[in-house]
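Enquirer: Pasting a structure here, questions to come.
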Amino acid sequence: MTIHADHSAPETAVEDHAADVRTKFGISVEDYMLPARHQIQMVNPDGTLRSHDEQGTEPGHEYPTPSDAELMAAYEKLVVGRRVNDQNSALVRQGRMAVYPSSHGQEACQVAAAMCLSEGDWLFPTYRDAVAVMTRGVDPVEVMTIFRGDWHGGYDPKEHNVGIQCTPLTTQLLHAVGVAHAAKLRGEDTVVMAMCGDGATSEGDFHEALNFAAVFHLPVIFFVQNNKYAISVPLSHQSVAPSLAHKAVGYGMAGERVDGNDLVALLAVMDRAVKLARDGSGPLLIEAHTYRMQAHTNADDATRYRPDSEVAEWQAKDPLARMKSYLTDKGLLDDEASKKIAEHAESVATQLRDGLGEDVPVQPLDLFKYVFAKPTPQLKEQSELLASELARAESADNTGNTYNAGTESAK
């Protein structure tokens, strides 16, 4: 499908897309867009490999098993992610972080989302996707800076092609679509990963982002981590669709469901999605079924809206334990390798403790420096007023006097 310079699509776009699907996959465009009848799952919760017939694949929805090297690299990042989640929860209790939305239990989704991308691709995370941002290569301390409230996001988005973690729900999807559209107009080979939760699918921005991406045939993967709750609101109170992946067909894009606690299946599904998007198949919607084992944030009491029995059920599906059993049974993971991986994870935790334990000098004028590229007259006036008061306070301190910033003179 070709988008012209005037942003219009040719009248034959739908027919061309249907013909492409039939040629590539030998199925109808409807079968391509609809998710497979069963979610894609390659490894059972106990770590055993499912037979091919049990993996949920169908014609046009087929996924090869990732390489051993990819699986081992992903497992190491999974272990690091779990250790980081637990370390950050401790840092919140110690007062060194203001808040932390843990992804304990969802780390497999985070790792797969970041690992499937190439260097020139972009990742747009939510506030809960710190492990994905780290996996993309951003310094762990910089990733967590936003949760301490020190600075504007903590890291440079352009350095690793990672958007700032968004707290406003779903706004990052619009940012992702904008970057993908710009990249396509420039002729760049860029795929964009747009991450969100199930609660985001109830937002208007979700519709706008998916519809725009589909109409303009953009290389965006919308990755929904369905952890069953939008804070305390269960999915059943948000949507009665057969699945969130089924929403894809309404926009004219392909959808798929995958076990979000099966790292093997996640890597397979996400790798294929990136390849399809890069090859010109347009946007895709991937829904991963997972669960956040801990509260929404440290300020949340999850026991008020979900039973302990439900949490226990998902504990048996832990992605970390599942992957460890699978790799051990394959002979890829032994005690020595496990020890090295654990030591690396502990070194990252130590880096976080040390980095977040340092006092950061406060620069009050930064309040105004990064609001607009060209400051407004109001901002300039406010900045100059604050600078004047700070200078007078410093002068008063140097002379041994006390200065009240709310008065016009030192006493």
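Identifiers for the structure tokens are assigned positionally: chains receive A, B, ... in sequence, residues are indexed from 1 per chain, and ligands are indexed from 1 in the order shown.
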Give me the residues near A:Cys166 as a VMD selection string, where near means some atom within 10 Å (using only C-alpha atoms) and where sequence neighbours in that chain fewer than 2 positions away do not count.

Expert: chain A and resid 124 to 129 153 163 to 164 168 to 173 196

Enquirer: Residues of stretch 223-265 of chain A that approach stretch 68-84 of chain A to 12 Å or less, counting only C-alpha atoms: could you list each one with the shortest pair of atoms and its distance in Å to one decimal, rows by chain and increasing residue number, as JSON lines?

Expert:
{"residue": "A:Asn261", "atom": "CA", "partner": "A:Leu78", "partner_atom": "CA", "distance": 11.0}
{"residue": "A:Asp262", "atom": "CA", "partner": "A:Tyr75", "partner_atom": "CA", "distance": 11.2}
{"residue": "A:Leu263", "atom": "CA", "partner": "A:Ala74", "partner_atom": "CA", "distance": 7.9}
{"residue": "A:Val264", "atom": "CA", "partner": "A:Leu71", "partner_atom": "CA", "distance": 7.0}
{"residue": "A:Ala265", "atom": "CA", "partner": "A:Leu71", "partner_atom": "CA", "distance": 10.6}

Enquirer: Mind writing the picked residues with all heavy atoms as a compact mmCIF listing (two decimals), in the first residue's frame?

Expert:
# COMPACT_ATOMS: atom_id res chain seq x y z
N ASN A 261 3.38 -14.59 29.58
CA ASN A 261 4.34 -15.13 30.55
C ASN A 261 5.23 -16.21 29.93
O ASN A 261 5.99 -16.86 30.63
CB ASN A 261 3.60 -15.70 31.76
CG ASN A 261 3.06 -14.61 32.67
OD1 ASN A 261 2.93 -13.47 32.25
ND2 ASN A 261 2.75 -14.96 33.90
N ASP A 262 5.09 -16.40 28.62
CA ASP A 262 5.89 -17.36 27.87
C ASP A 262 6.88 -16.57 27.02
O ASP A 262 6.55 -16.09 25.94
CB ASP A 262 4.96 -18.22 27.00
CG ASP A 262 5.71 -19.23 26.14
OD1 ASP A 262 6.96 -19.25 26.18
OD2 ASP A 262 5.04 -20.00 25.41
N LEU A 263 8.10 -16.46 27.51
CA LEU A 263 9.10 -15.64 26.82
C LEU A 263 9.44 -16.20 25.45
O LEU A 263 9.71 -15.44 24.51
CB LEU A 263 10.36 -15.53 27.68
CG LEU A 263 11.47 -14.61 27.16
CD1 LEU A 263 10.96 -13.22 26.86
CD2 LEU A 263 12.62 -14.55 28.17
N VAL A 264 9.41 -17.49 25.30
CA VAL A 264 9.71 -18.11 24.00
C VAL A 264 8.68 -17.68 22.97
O VAL A 264 9.01 -17.25 21.86
CB VAL A 264 9.76 -19.64 24.12
CG1 VAL A 264 10.06 -20.27 22.77
CG2 VAL A 264 10.81 -20.08 25.14
N ALA A 265 7.41 -17.80 23.32
CA ALA A 265 6.33 -17.41 22.41
C ALA A 265 6.35 -15.91 22.14
O ALA A 265 6.12 -15.46 21.01
CB ALA A 265 4.99 -17.83 22.99

Enquirer: For A:Pro64, work out the shell of residues within 12 Å, counting only C-alpha atoms and skipping chain neighbours fewer than 3 positions away, then give it as a ChimeraX atom specification.

Expert: /A:40-42,52,55,57,61,67,264-272

Enquirer: Between A:Thr303, A:Ser383, A:Asn211, A:Gln165, which one has atoms that come closest to A:Val133, using only C-alpha atoms?

Expert: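 Of A:Thr303, A:Ser383, A:Asn211, A:Gln165, the one nearest A:Val133 is A:Gln165, counting only C-alpha atoms.
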
Enquirer: Kindly assemble as a Markdown table a list of the stretch 70-132 of chain A residues that lie within 10 Å of stretch 310-318 of chain A, each paired with its nearest atom pair and their distance in Å to one decimal, using only C-alpha atoms, sorted first by chain and then by ascending residue number.

Expert:
| residue | atom | partner | partner_atom | distance |
| --- | --- | --- | --- | --- |
| A:His104 | CA | A:Asp318 | CA | 9.3 |
| A:Gly105 | CA | A:Asp318 | CA | 6.2 |
| A:Gln106 | CA | A:Asp318 | CA | 8.8 |
| A:Glu107 | CA | A:Asp318 | CA | 9.7 |
| A:Ala108 | CA | A:Asp318 | CA | 9.5 |

Enquirer: Any chance you could list, as a list in words, the residues in stretch 99-142 of chain A that come up alpha helix (DSSP H) when DSSP is run on the backbone?

Expert: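 Restricting stretch 99-142 of chain A to alpha helix (DSSP H) produces Glu107, Ala108, Cys109, Gln110, Val111, Ala112, Ala113, Ala114, Met115, Ala130, Val131, Ala132, Val133, Met134, Thr135, Pro140, Val141 and Glu142 of chain A.
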
Enquirer: Can you measure atom CA of A:Asp279 to atom CA of A:Gln225 for me? One decimal in Å is fine.

Expert: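 Atom CA of A:Gln225 lies at a distance of 24.4 Å from atom CA of A:Asp279.
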
Enquirer: Could you check which of A:Met115, A:Leu284, A:Ala345, A:Leu123 is closest to A:His217, using only C-alpha atoms?

Expert: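 So, comparing all the options, the nearest one is A:Leu284.
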
Enquirer: Determine, counting only C-alpha atoms, which protein, DNA and RNA residues have an atom within 10 Å of an atom of A:Gly47; residues of the same chain fewer than 3 positions away are not included. Present the result as a list in words.

Expert: Met42, Val43, Asn44, Arg50, Asp262, Lys317, Pro319, Leu320, Ala321, Arg322, Met323, Lys324, Ser325, Tyr326, Leu327, Thr328 and Asp329 of chain A

Enquirer: Selection from above, N, CA and C atoms, as a PDB file, in the first residue's frame, can you write it?

Expert:
ATOM      1  N   MET A  42       4.087 -21.530  23.490  1.00  0.00           N
ATOM      2  CA  MET A  42       5.053 -22.557  23.106  1.00  0.00           C
ATOM      3  C   MET A  42       5.553 -23.376  24.283  1.00  0.00           C
ATOM      4  N   VAL A  43       5.585 -22.751  25.459  1.00  0.00           N
ATOM      5  CA  VAL A  43       6.109 -23.428  26.649  1.00  0.00           C
ATOM      6  C   VAL A  43       5.047 -23.426  27.735  1.00  0.00           C
ATOM      7  N   ASN A  44       4.815 -24.582  28.324  1.00  0.00           N
ATOM      8  CA  ASN A  44       3.841 -24.715  29.402  1.00  0.00           C
ATOM      9  C   ASN A  44       4.342 -24.016  30.664  1.00  0.00           C
ATOM     10  N   ARG A  50       5.536 -27.312  24.428  1.00  0.00           N
ATOM     11  CA  ARG A  50       4.288 -27.823  23.887  1.00  0.00           C
ATOM     12  C   ARG A  50       4.523 -28.384  22.486  1.00  0.00           C
ATOM     13  N   ASP A 262       5.088 -16.399  28.623  1.00  0.00           N
ATOM     14  CA  ASP A 262       5.886 -17.363  27.870  1.00  0.00           C
ATOM     15  C   ASP A 262       6.882 -16.573  27.023  1.00  0.00           C
ATOM     16  N   LYS A 317       2.326 -19.381  37.101  1.00  0.00           N
ATOM     17  CA  LYS A 317       2.642 -19.116  35.697  1.00  0.00           C
ATOM     18  C   LYS A 317       3.830 -18.159  35.566  1.00  0.00           C
ATOM     19  N   PRO A 319       6.821 -16.167  34.657  1.00  0.00           N
ATOM     20  CA  PRO A 319       7.655 -16.284  33.450  1.00  0.00           C
ATOM     21  C   PRO A 319       9.113 -16.615  33.747  1.00  0.00           C
ATOM     22  N   LEU A 320       9.615 -16.170  34.890  1.00  0.00           N
ATOM     23  CA  LEU A 320      11.015 -16.429  35.229  1.00  0.00           C
ATOM     24  C   LEU A 320      11.244 -17.905  35.537  1.00  0.00           C
ATOM     25  N   ALA A 321      10.406 -18.478  36.388  1.00  0.00           N
ATOM     26  CA  ALA A 321      10.538 -19.896  36.728  1.00  0.00           C
ATOM     27  C   ALA A 321      10.311 -20.774  35.500  1.00  0.00           C
ATOM     28  N   ARG A 322       9.353 -20.375  34.667  1.00  0.00           N
ATOM     29  CA  ARG A 322       9.049 -21.140  33.458  1.00  0.00           C
ATOM     30  C   ARG A 322      10.255 -21.189  32.522  1.00  0.00           C
ATOM     31  N   MET A 323      10.859 -20.028  32.296  1.00  0.00           N
ATOM     32  CA  MET A 323      11.981 -19.964  31.371  1.00  0.00           C
ATOM     33  C   MET A 323      13.206 -20.691  31.918  1.00  0.00           C
ATOM     34  N   LYS A 324      13.411 -20.590  33.218  1.00  0.00           N
ATOM     35  CA  LYS A 324      14.550 -21.287  33.829  1.00  0.00           C
ATOM     36  C   LYS A 324      14.413 -22.791  33.655  1.00  0.00           C
ATOM     37  N   SER A 325      13.221 -23.321  33.887  1.00  0.00           N
ATOM     38  CA  SER A 325      12.994 -24.764  33.725  1.00  0.00           C
ATOM     39  C   SER A 325      13.184 -25.192  32.278  1.00  0.00           C
ATOM     40  N   TYR A 326      12.676 -24.376  31.366  1.00  0.00           N
ATOM     41  CA  TYR A 326      12.774 -24.708  29.942  1.00  0.00           C
ATOM     42  C   TYR A 326      14.230 -24.761  29.484  1.00  0.00           C
ATOM     43  N   LEU A 327      15.015 -23.744  29.845  1.00  0.00           N
ATOM     44  CA  LEU A 327      16.410 -23.690  29.417  1.00  0.00           C
ATOM     45  C   LEU A 327      17.250 -24.765  30.095  1.00  0.00           C
ATOM     46  N   THR A 328      16.924 -25.088  31.334  1.00  0.00           N
ATOM     47  CA  THR A 328      17.642 -26.153  32.045  1.00  0.00           C
ATOM     48  C   THR A 328      17.387 -27.499  31.386  1.00  0.00           C
ATOM     49  N   ASP A 329      16.140 -27.760  31.048  1.00  0.00           N
ATOM     50  CA  ASP A 329      15.793 -29.025  30.396  1.00  0.00           C
ATOM     51  C   ASP A 329      16.445 -29.149  29.024  1.00  0.00           C
TER      52      ASP A 329
END
